[in-house]
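Trainee: Sharing query.txt below, compact mmCIF, C-alpha atoms:
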```
# COMPACT_ATOMS: atom_id res chain seq x y z
CA MET A 1 21.21 15.63 17.04
CA CYS A 2 18.54 18.24 16.38
CA LEU A 3 15.12 16.84 17.24
CA ALA A 4 13.17 18.88 14.71
CA LEU A 5 9.40 18.72 14.82
CA ARG A 6 8.14 17.23 11.58
CA VAL A 7 4.87 16.75 9.76
CA LEU A 8 4.39 13.04 9.15
CA THR A 9 1.72 10.96 7.46
CA LEU A 10 -0.04 7.72 8.39
CA SER A 11 -0.57 6.70 4.74
CA PRO A 12 1.68 7.48 1.76
CA LEU A 13 1.70 11.11 0.61
CA PRO A 14 4.30 12.55 -1.80
CA GLY A 15 7.17 14.24 -0.03
CA LEU A 16 6.25 13.22 3.51
CA PRO A 17 7.72 10.39 5.60
CA LEU A 18 5.49 7.70 7.04
CA VAL A 19 5.06 7.87 10.80
CA MET A 20 6.39 5.16 13.09
CA SER A 21 5.83 4.83 16.83
CA SER A 22 9.39 6.01 17.48
CA ASP A 23 8.59 9.28 15.64
CA LEU A 24 5.73 10.41 17.86
CA ALA A 25 7.93 12.24 20.36
CA ARG A 26 9.11 14.63 17.64
CA CYS A 27 6.03 14.67 15.45
CA GLY A 28 4.83 18.24 14.97
CA GLY A 29 1.70 17.20 13.10
CA LEU A 30 0.17 14.03 11.68
CA LEU A 31 -1.77 13.79 8.43
CA VAL A 32 -4.20 10.88 8.05
CA PRO A 33 -5.26 10.95 4.39
CA HIS A 34 -8.02 9.09 2.63
CA ASP A 35 -6.66 5.77 1.39
CA GLY A 36 -9.86 3.77 0.89
CA GLU A 37 -8.75 1.08 3.31
CA PRO A 38 -11.26 -0.47 5.76
CA VAL A 39 -11.97 1.17 9.10
CA GLY A 40 -15.00 -0.47 10.70
CA ASP A 41 -13.88 -4.09 10.36
CA VAL A 42 -10.13 -4.66 10.54
CA ARG A 43 -10.15 -8.09 12.19
CA ASP A 44 -8.33 -9.67 9.24
CA ARG A 45 -6.07 -6.69 8.60
CA PRO A 46 -3.20 -6.56 11.12
CA ASP A 47 -1.65 -3.69 9.17
CA ARG A 48 -4.83 -1.64 9.54
CA TRP A 49 -5.13 -2.51 13.21
CA ALA A 50 -1.55 -1.34 13.69
CA ALA A 51 -2.39 1.95 11.95
CA LEU A 52 -5.36 2.43 14.27
CA GLN A 53 -3.20 1.80 17.33
CA LEU A 54 -0.52 4.19 16.09
CA LEU A 55 -3.10 6.92 15.49
CA THR A 56 -4.54 6.34 18.95
CA GLN A 57 -1.07 6.78 20.46
CA ALA A 58 -0.58 10.02 18.55
CA ILE A 59 -3.90 11.42 19.76
CA ARG A 60 -3.14 10.48 23.36
CA ARG A 61 0.22 12.23 23.07
CA GLY A 62 -1.51 15.40 21.92
CA VAL A 63 -0.07 15.35 18.40
CA PRO A 64 -2.08 17.68 16.11
CA VAL A 65 -3.97 15.51 13.62
CA LEU A 66 -5.62 16.39 10.31
CA ALA A 67 -7.65 13.52 8.87
CA TRP A 68 -9.91 13.18 5.86
CA GLY A 69 -11.97 10.54 4.08
CA SER A 70 -11.22 7.09 5.44
CA GLY A 71 -8.58 8.79 7.59
CA ALA A 72 -11.30 10.83 9.31
CA ALA A 73 -13.27 7.63 9.94
CA LEU A 74 -10.13 6.07 11.42
CA ALA A 75 -9.63 9.11 13.66
CA GLY A 76 -13.23 8.86 14.80
CA ARG A 77 -12.79 5.20 15.63
CA ALA A 78 -9.60 5.98 17.55
CA LEU A 79 -11.72 8.38 19.62
CA GLY A 80 -14.40 5.77 20.29
CA SER A 81 -16.96 6.72 17.63
CA ALA A 82 -19.17 4.33 15.71
CA VAL A 83 -18.23 3.95 12.05
CA GLU A 84 -21.00 3.97 9.43
CA GLN A 85 -20.95 3.40 5.68
CA THR A 86 -22.88 5.33 3.04
CA ASP A 87 -22.45 4.92 -0.72
CA GLY A 88 -19.30 2.87 -0.18
CA LEU A 89 -17.60 5.49 2.02
CA GLU A 90 -16.99 4.86 5.69
CA TRP A 91 -17.47 7.79 8.04
CA ALA A 92 -17.48 8.27 11.79
CA GLN A 93 -20.14 9.65 14.05
CA ALA A 94 -18.97 12.78 15.84
CA PRO A 95 -16.84 11.72 18.82
CA ARG A 96 -17.87 12.64 22.32
CA ASN A 97 -17.29 16.33 23.08
CA ALA A 98 -16.54 17.06 19.42
CA GLU A 99 -17.53 20.37 17.87
CA VAL A 100 -19.25 19.77 14.54
CA LEU A 101 -18.47 22.71 12.27
CA VAL A 102 -20.18 21.46 9.10
CA TRP A 103 -23.04 18.99 8.68
CA ARG A 104 -23.87 17.27 5.39
CA GLN A 105 -27.04 15.22 5.02
CA GLU A 106 -27.23 14.71 8.78
CA ARG A 107 -23.64 13.49 8.88
CA PRO A 108 -20.76 15.32 10.56
CA GLN A 109 -18.70 16.58 7.63
CA HIS A 110 -16.17 18.65 9.58
CA TRP A 111 -15.55 18.10 13.26
CA GLN A 112 -12.91 18.93 15.83
CA VAL A 113 -12.09 17.54 19.23
CA GLY A 114 -8.95 18.35 21.16
CA ARG A 115 -6.15 18.57 18.59
CA VAL A 116 -7.92 16.37 16.03
CA ASN A 117 -9.40 18.04 12.96
CA ALA A 118 -11.43 15.79 10.63
CA TRP A 119 -13.10 16.19 7.24
CA ALA A 120 -15.35 13.30 6.21
CA SER A 121 -15.01 13.54 2.41
CA PRO A 122 -12.09 11.99 0.49
CA GLU A 123 -10.96 15.37 -0.87
CA MET A 124 -9.46 17.75 1.67
CA PRO A 125 -10.21 21.46 1.04
CA ALA A 126 -6.95 23.31 0.45
CA GLU A 127 -7.91 26.14 2.78
CA LEU A 128 -8.56 23.70 5.65
CA ALA A 129 -5.19 22.03 5.14
CA ALA A 130 -3.45 25.41 5.01
CA ALA A 131 -5.18 26.55 8.20
CA PHE A 132 -4.12 23.37 9.99
CA LEU A 133 -0.49 23.63 8.87
CA SER A 134 -0.35 27.29 9.89
CA THR A 135 -1.08 26.34 13.50
CA LEU A 136 1.77 23.84 13.80
CA PRO A 137 5.04 24.63 15.56
CA ALA A 138 7.66 26.01 13.21
CA GLN A 139 9.87 23.28 11.82
CA ARG A 140 13.59 23.74 12.13
CA SER A 141 15.23 22.72 8.91
CA ARG A 142 18.00 20.16 9.18
CA GLN A 143 19.75 17.62 7.05
CA PRO A 144 18.58 14.01 7.40
CA ALA A 145 20.67 12.10 9.91
CA SER A 146 21.33 9.33 7.38
CA PRO A 147 20.47 8.34 3.81
CA LEU A 148 17.96 5.93 5.36
CA GLU A 149 16.10 8.83 6.95
CA ALA A 150 16.29 10.74 3.67
CA VAL A 151 14.36 8.01 1.85
CA GLY A 152 11.72 7.72 4.58
CA GLY A 153 13.10 4.85 6.65
CA GLU A 154 12.40 1.14 6.54
CA ALA A 155 8.66 1.81 6.24
CA ALA A 156 9.26 3.42 2.84
CA LEU A 157 11.79 0.83 1.66
CA ARG A 158 9.72 -2.31 2.07
CA PRO A 159 6.82 -1.47 -0.31
CA LEU A 160 9.32 -0.05 -2.80
CA LEU A 161 11.32 -3.28 -2.80
CA ALA A 162 8.17 -5.38 -3.03
CA ASP A 163 7.24 -3.38 -6.12
CA PHE A 164 10.72 -3.88 -7.58
CA TYR A 165 10.53 -7.66 -7.16
CA ALA A 166 7.06 -7.76 -8.67
CA ARG A 167 8.60 -6.15 -11.75
CA ALA A 168 11.78 -8.24 -11.70
CA ARG A 169 10.05 -11.62 -11.40
CA THR A 170 8.29 -11.10 -14.72
CA ASP A 171 11.29 -9.57 -16.48
CA GLU A 172 12.86 -11.66 -19.23
CA LEU A 173 16.41 -10.91 -18.07
CA LEU A 174 16.05 -10.89 -14.30
CA GLY A 175 13.11 -13.23 -13.78
CA PRO A 176 15.00 -16.48 -14.45
CA VAL A 177 17.84 -15.45 -12.12
CA PHE A 178 15.54 -14.75 -9.20
CA THR A 179 13.19 -17.69 -9.69
CA SER A 180 16.11 -20.12 -9.81
CA HIS A 181 17.66 -18.85 -6.58
CA VAL A 182 14.74 -17.62 -4.44
CA THR A 183 12.21 -20.05 -2.97
CA ASP A 184 10.82 -18.05 -0.04
CA TRP A 185 9.95 -14.57 -1.29
CA HIS A 186 8.77 -13.27 2.08
CA ALA A 187 12.07 -14.21 3.69
CA HIS A 188 13.96 -12.80 0.72
CA LEU A 189 12.13 -9.48 1.01
CA ASP A 190 12.98 -9.38 4.73
CA ARG A 191 16.67 -9.96 3.97
CA VAL A 192 16.84 -7.42 1.16
CA THR A 193 15.01 -4.80 3.23
CA ALA A 194 17.51 -5.37 6.06
CA PHE A 195 20.33 -5.12 3.50
CA TRP A 196 19.14 -1.73 2.26
CA VAL A 197 18.60 -0.47 5.81
CA THR A 198 22.26 -1.24 6.47
CA MET A 199 23.50 0.12 3.14
CA LEU A 200 21.72 3.41 3.80
CA GLY A 201 23.27 3.91 7.21
CA GLY A 202 20.60 2.41 9.41
CA GLY A 203 22.86 0.15 11.46
CA PRO A 204 23.73 -3.55 11.24
CA ALA A 205 20.31 -4.91 10.33
CA TRP A 206 22.08 -7.03 7.70
CA ARG A 207 25.40 -8.79 8.19
CA GLY A 208 26.97 -10.10 5.05
CA ASN A 209 29.13 -9.34 2.04
CA LEU A 210 27.72 -7.92 -1.18
CA ASN A 211 30.21 -9.70 -3.42
CA ALA A 212 29.89 -13.02 -1.60
CA ALA A 213 26.10 -12.87 -1.78
CA HIS A 214 26.27 -12.60 -5.58
CA ALA A 215 29.27 -14.84 -6.19
CA GLY A 216 28.71 -17.50 -8.81
CA LEU A 217 25.53 -15.97 -10.19
CA GLY A 218 27.25 -14.80 -13.36
CA VAL A 219 25.49 -11.44 -13.31
CA SER A 220 25.99 -9.73 -16.66
CA SER A 221 26.28 -6.03 -17.39
CA ALA A 222 22.92 -6.19 -19.19
CA GLN A 223 21.30 -7.66 -16.08
CA LEU A 224 22.83 -4.98 -13.89
CA GLU A 225 21.48 -2.29 -16.20
CA ARG A 226 18.03 -3.86 -16.10
CA TRP A 227 18.23 -4.10 -12.31
CA LEU A 228 18.98 -0.38 -12.13
CA THR A 229 16.17 0.42 -14.56
CA LEU A 230 13.52 -1.53 -12.64
CA LEU A 231 14.75 -0.24 -9.30
CA ALA A 232 14.55 3.32 -10.62
CA GLN A 233 10.98 2.72 -11.78
CA ALA A 234 9.98 1.43 -8.35
CA ALA A 235 11.87 4.21 -6.54
CA HIS A 236 10.19 6.97 -8.52
CA ALA A 237 6.80 5.30 -8.03
CA HIS A 238 7.17 5.32 -4.23
CA LEU A 239 9.50 8.17 -3.29
CA PRO A 240 9.85 11.89 -3.93
CA ALA A 241 12.48 12.69 -6.55
CA GLU A 242 15.20 13.69 -4.07
CA ALA A 243 14.68 10.60 -1.94
CA ALA A 244 14.71 8.36 -5.01
CA GLU A 245 18.02 9.91 -6.06
CA VAL A 246 19.57 9.06 -2.68
CA LEU A 247 18.61 5.41 -3.12
CA LEU A 248 19.66 5.22 -6.75
CA THR A 249 23.05 6.82 -6.12
CA ARG A 250 23.83 3.98 -3.73
CA ALA A 251 22.41 1.44 -6.19
CA HIS A 252 24.68 2.68 -8.99
CA ALA A 253 27.70 2.36 -6.71
CA MET A 254 26.71 -1.21 -5.90
CA ALA A 255 26.23 -2.00 -9.59
CA ARG A 256 29.73 -0.72 -10.36
CA GLN A 257 31.15 -2.89 -7.59
CA LEU A 258 29.34 -5.99 -8.83
CA GLY A 259 30.31 -5.19 -12.42
CA ARG A 260 34.00 -5.06 -11.52
CA ARG A 261 33.72 -8.40 -9.73
CA GLY A 262 31.96 -9.92 -12.72
CA LYS A 263 34.78 -8.84 -15.02
CA ARG A 264 37.39 -10.37 -12.70
CA GLU A 265 35.47 -13.65 -12.53
CA SER A 266 35.12 -13.70 -16.31
CA ALA A 267 38.83 -13.04 -16.79
CA GLY A 268 39.70 -15.82 -14.35
CA THR A 269 37.48 -18.26 -16.21
CA ARG A 270 39.18 -17.45 -19.51
CA ARG A 271 42.65 -18.00 -18.01
CA CYS A 272 41.58 -21.40 -16.76
```
As structure tokens, please, write out the structure in this file.
Mentor:
Amino acid sequence: MCLALRVLTLSPLPGLPLVMSSDLARCGGLLVPHDGEPVGDVRDRPDRWAALQLLTQAIRRGVPVLAWGSGAALAGRALGSAVEQTDGLEWAQAPRNAEVLVWRQERPQHWQVGRVNAWASPEMPAELAAAFLSTLPAQRSRQPASPLEAVGGEAALRPLLADFYARARTDELLGPVFTSHVTDWHAHLDRVTAFWVTMLGGGPAWRGNLNAAHAGLGVSSAQLERWLTLLAQAAHAHLPAEAAEVLLTRAHAMARQLGRRGKRESAGTRRC
């Protein structure tokens, strides 16, 4: 397997996969964009604390980092800086040994330390981003190792599926089916995420049978079409077009399989 160096992102950005701890060894550069999430106080945000720890690991490994807005504040905190807030925007004091390249109203607007490059404002100047990317090791192009990698991994699937179910639960066709069969939505989301990880070539995270899981539900062709429609909406909201197509190709194959089973069950009922 070719371990190509890749540019990854800590928060969602179109066309880039989200970083996971297992990616750091082959991460050629890490983007930490402004996402408006809290930085100074993350005591009640385990997801944000995990992001801070992951960024700290990347910095310690020497991964080149470009951060801006709240991402720059997070990078500063990872480097031990105090985080301040002005006009609703959190920003970090310049870390120890940092070179401040631009000051704005007595605040460090652009600073660098080691391989970390930070811009305090939410909008990253295009020329700064281009300069950062030009310094990264050349990326060797390769095909994704699996459809799961092509869609961005489990980290990309879970929010997509959560979005899908938010749509489906209020849908006139699908809502009644789900609400009558699902009582624990967190557990259901865990199972369905594991299912998709397996279906996209990510290993046996889910052990089961697609037909058996849907047996007796009486899923109609109209419901399958609506399922595909809502899944497509969620996929295109969360994934780049090519990645969404990978997911939806598999979804259409599953819909055809379930549709054939539904026809057989219907025919058997009529014979009885």
Trainee: Here's a test: counting all atoms listed in the file, identify every protein, DNA and RNA residue with an atom at most 6 Å from (15.1, -1.1, 3.6) in the file's coordinate frame, and state them as a list in words.
Mentor: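 The distance filter leaves exactly Glu154, Leu157, Arg158, Thr193, Ala194, Trp196 and Val197 of chain A.
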Trainee: Would you work out the distance separating CA of Leu230 in chain A from CA of Arg256 in chain A, expressed in Å to one decimal?
Mentor: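 Atom-to-atom, CA of Leu230 in chain A to CA of Arg256 in chain A, that is 16.4 Å.
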Trainee: In terms of the shortest atom-to-atom distance over all atoms listed in the file, which of A:Gly36, A:Gly29, A:Gly203, A:Gly69 is closest to Pro125 in chain A?
Mentor: A:Gly69
Trainee: Can you list every residue of range 92-162 of chain A that has an atom at most 10 Å from range 174-190 of chain A, with its nearest atom pair and the distance in Å to one decimal, using all atoms listed in the file, ordered by chain then number, as a tab-separated table?
Mentor:
```
residue	atom	partner	partner_atom	distance
A:Arg158	CA	A:Leu189	CA	7.6
A:Pro159	CA	A:Leu189	CA	9.7
A:Leu161	CA	A:Leu189	CA	7.3
A:Ala162	CA	A:Leu189	CA	7.0
```
Trainee: Just to confirm, what's the straight-line distance from CA of Leu10 in chain A to CA of Pro33 in chain A in Å (one decimal)?
Mentor: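 Computed distance, CA of Leu10 in chain A to CA of Pro33 in chain A, equals 7.3 Å.
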Trainee: In Å to one decimal, how far is CA of Pro147 in chain A from CA of Thr198 in chain A?
Mentor: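 For CA of Thr198 in chain A relative to CA of Pro147 in chain A, the distance reads 10.1 Å.
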Trainee: Quick one: everything within 10 Å of Glu149 in chain A, counting all atoms listed in the file, minus sequence neighbours fewer than 2 positions away in the same chain. Send it as a VMD selection string.
Mentor: chain A and resid 17 143 to 147 151 to 154 156 197 200 to 202 243
Trainee: Return the single residue from A:Arg6, A:Pro12, A:Ala98, A:Val63 that is closest to Pro240 in chain A, with distances computed using only C-alpha atoms.
Mentor: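 Of A:Arg6, A:Pro12, A:Ala98, A:Val63, the one nearest Pro240 in chain A is A:Pro12, counting only C-alpha atoms.
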Trainee: Looking at A:Leu89, A:Leu24, A:Ala241, A:Ala129, which one is nearest to Leu66 in chain A, with distances taken over all atoms listed in the file?
Mentor: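 For Leu66 in chain A, the nearest of the candidates is A:Ala129.
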Trainee: Within 12 Å of Leu173 in chain A, counting all atoms listed in the file, which residues qualify if same-chain residues fewer than 2 places away don't, as a list of chain:residue names?
Mentor: A:Arg167, A:Ala168, A:Arg169, A:Thr170, A:Asp171, A:Gly175, A:Pro176, A:Val177, A:Phe178, A:Thr179, A:Val219, A:Ser220, A:Ser221, A:Ala222, A:Gln223, A:Leu224, A:Glu225, A:Arg226, A:Trp227, A:Thr229, A:Leu230
Trainee: Excluding Ala120 in chain A and any residue of its chain fewer than 3 positions from it, enumerate the residues within 7 Å of it, using all atoms listed in the file, and give them as a ChimeraX atom specification.
Mentor: /A:68-69,72,91,109-110
Trainee: Restricted to C-alpha atoms, what would the selected residues look like written as a short mmCIF file (atom, residue, chain, number, x, y, z; two decimals), in the coordinates of the input?
Mentor:
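Wrote it out as result_3.cif, contents follow:
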```cif
data_model
loop_
_atom_site.label_atom_id
_atom_site.label_comp_id
_atom_site.auth_asym_id
_atom_site.auth_seq_id
_atom_site.Cartn_x
_atom_site.Cartn_y
_atom_site.Cartn_z
CA TRP A 68 -9.91 13.18 5.86
CA GLY A 69 -11.97 10.54 4.08
CA ALA A 72 -11.30 10.83 9.31
CA TRP A 91 -17.47 7.79 8.04
CA GLN A 109 -18.70 16.58 7.63
CA HIS A 110 -16.17 18.65 9.58
#
```
Trainee: Taking (1.3, 13.1, 9.6) in the file's coordinates, which residues come within 8 Å, counting all atoms listed in the file, written as a CSV table (one decimal) with C-alpha atoms, keeping the file's coordinate frame?
Mentor:
```csv
chain,number,residue,atom,x,y,z
A,7,VAL,CA,4.9,16.8,9.8
A,8,LEU,CA,4.4,13.0,9.2
A,9,THR,CA,1.7,11.0,7.5
A,10,LEU,CA,0.0,7.7,8.4
A,16,LEU,CA,6.2,13.2,3.5
A,18,LEU,CA,5.5,7.7,7.0
A,19,VAL,CA,5.1,7.9,10.8
A,27,CYS,CA,6.0,14.7,15.4
A,29,GLY,CA,1.7,17.2,13.1
A,30,LEU,CA,0.2,14.0,11.7
A,31,LEU,CA,-1.8,13.8,8.4
A,32,VAL,CA,-4.2,10.9,8.0
A,65,VAL,CA,-4.0,15.5,13.6
A,66,LEU,CA,-5.6,16.4,10.3
```
Trainee: Around all of range 83-101 of chain A's listed atoms, make the axis-aligned box with 4 Å on each side and tell me centre and edge lengths in Å to one decimal, as AutoDock Vina command-line options.
Mentor:
```
--center_x -19.7 --center_y 12.8 --center_z 11.2 --size_x 14.3 --size_y 27.8 --size_z 31.8
```
Trainee: Find the residue from A:Asn117, A:Thr86, A:Thr249, A:Ser134 that sits nearest to Val100 in chain A; use only C-alpha atoms when measuring.
Mentor: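 Smallest separation from Val100 in chain A among the options: A:Asn117.
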Trainee: Pick from A:Ala67, A:Ala150, A:Ala166, A:Val192: nearest to Phe132 in chain A, with all atoms listed in the file counted?
Mentor: A:Ala67
Trainee: Which residue, A:Asp35, A:Asp47, A:Asp87, A:Glu106, has the smallest gap to Ala73 in chain A when you use all atoms listed in the file?
Mentor: A:Asp35
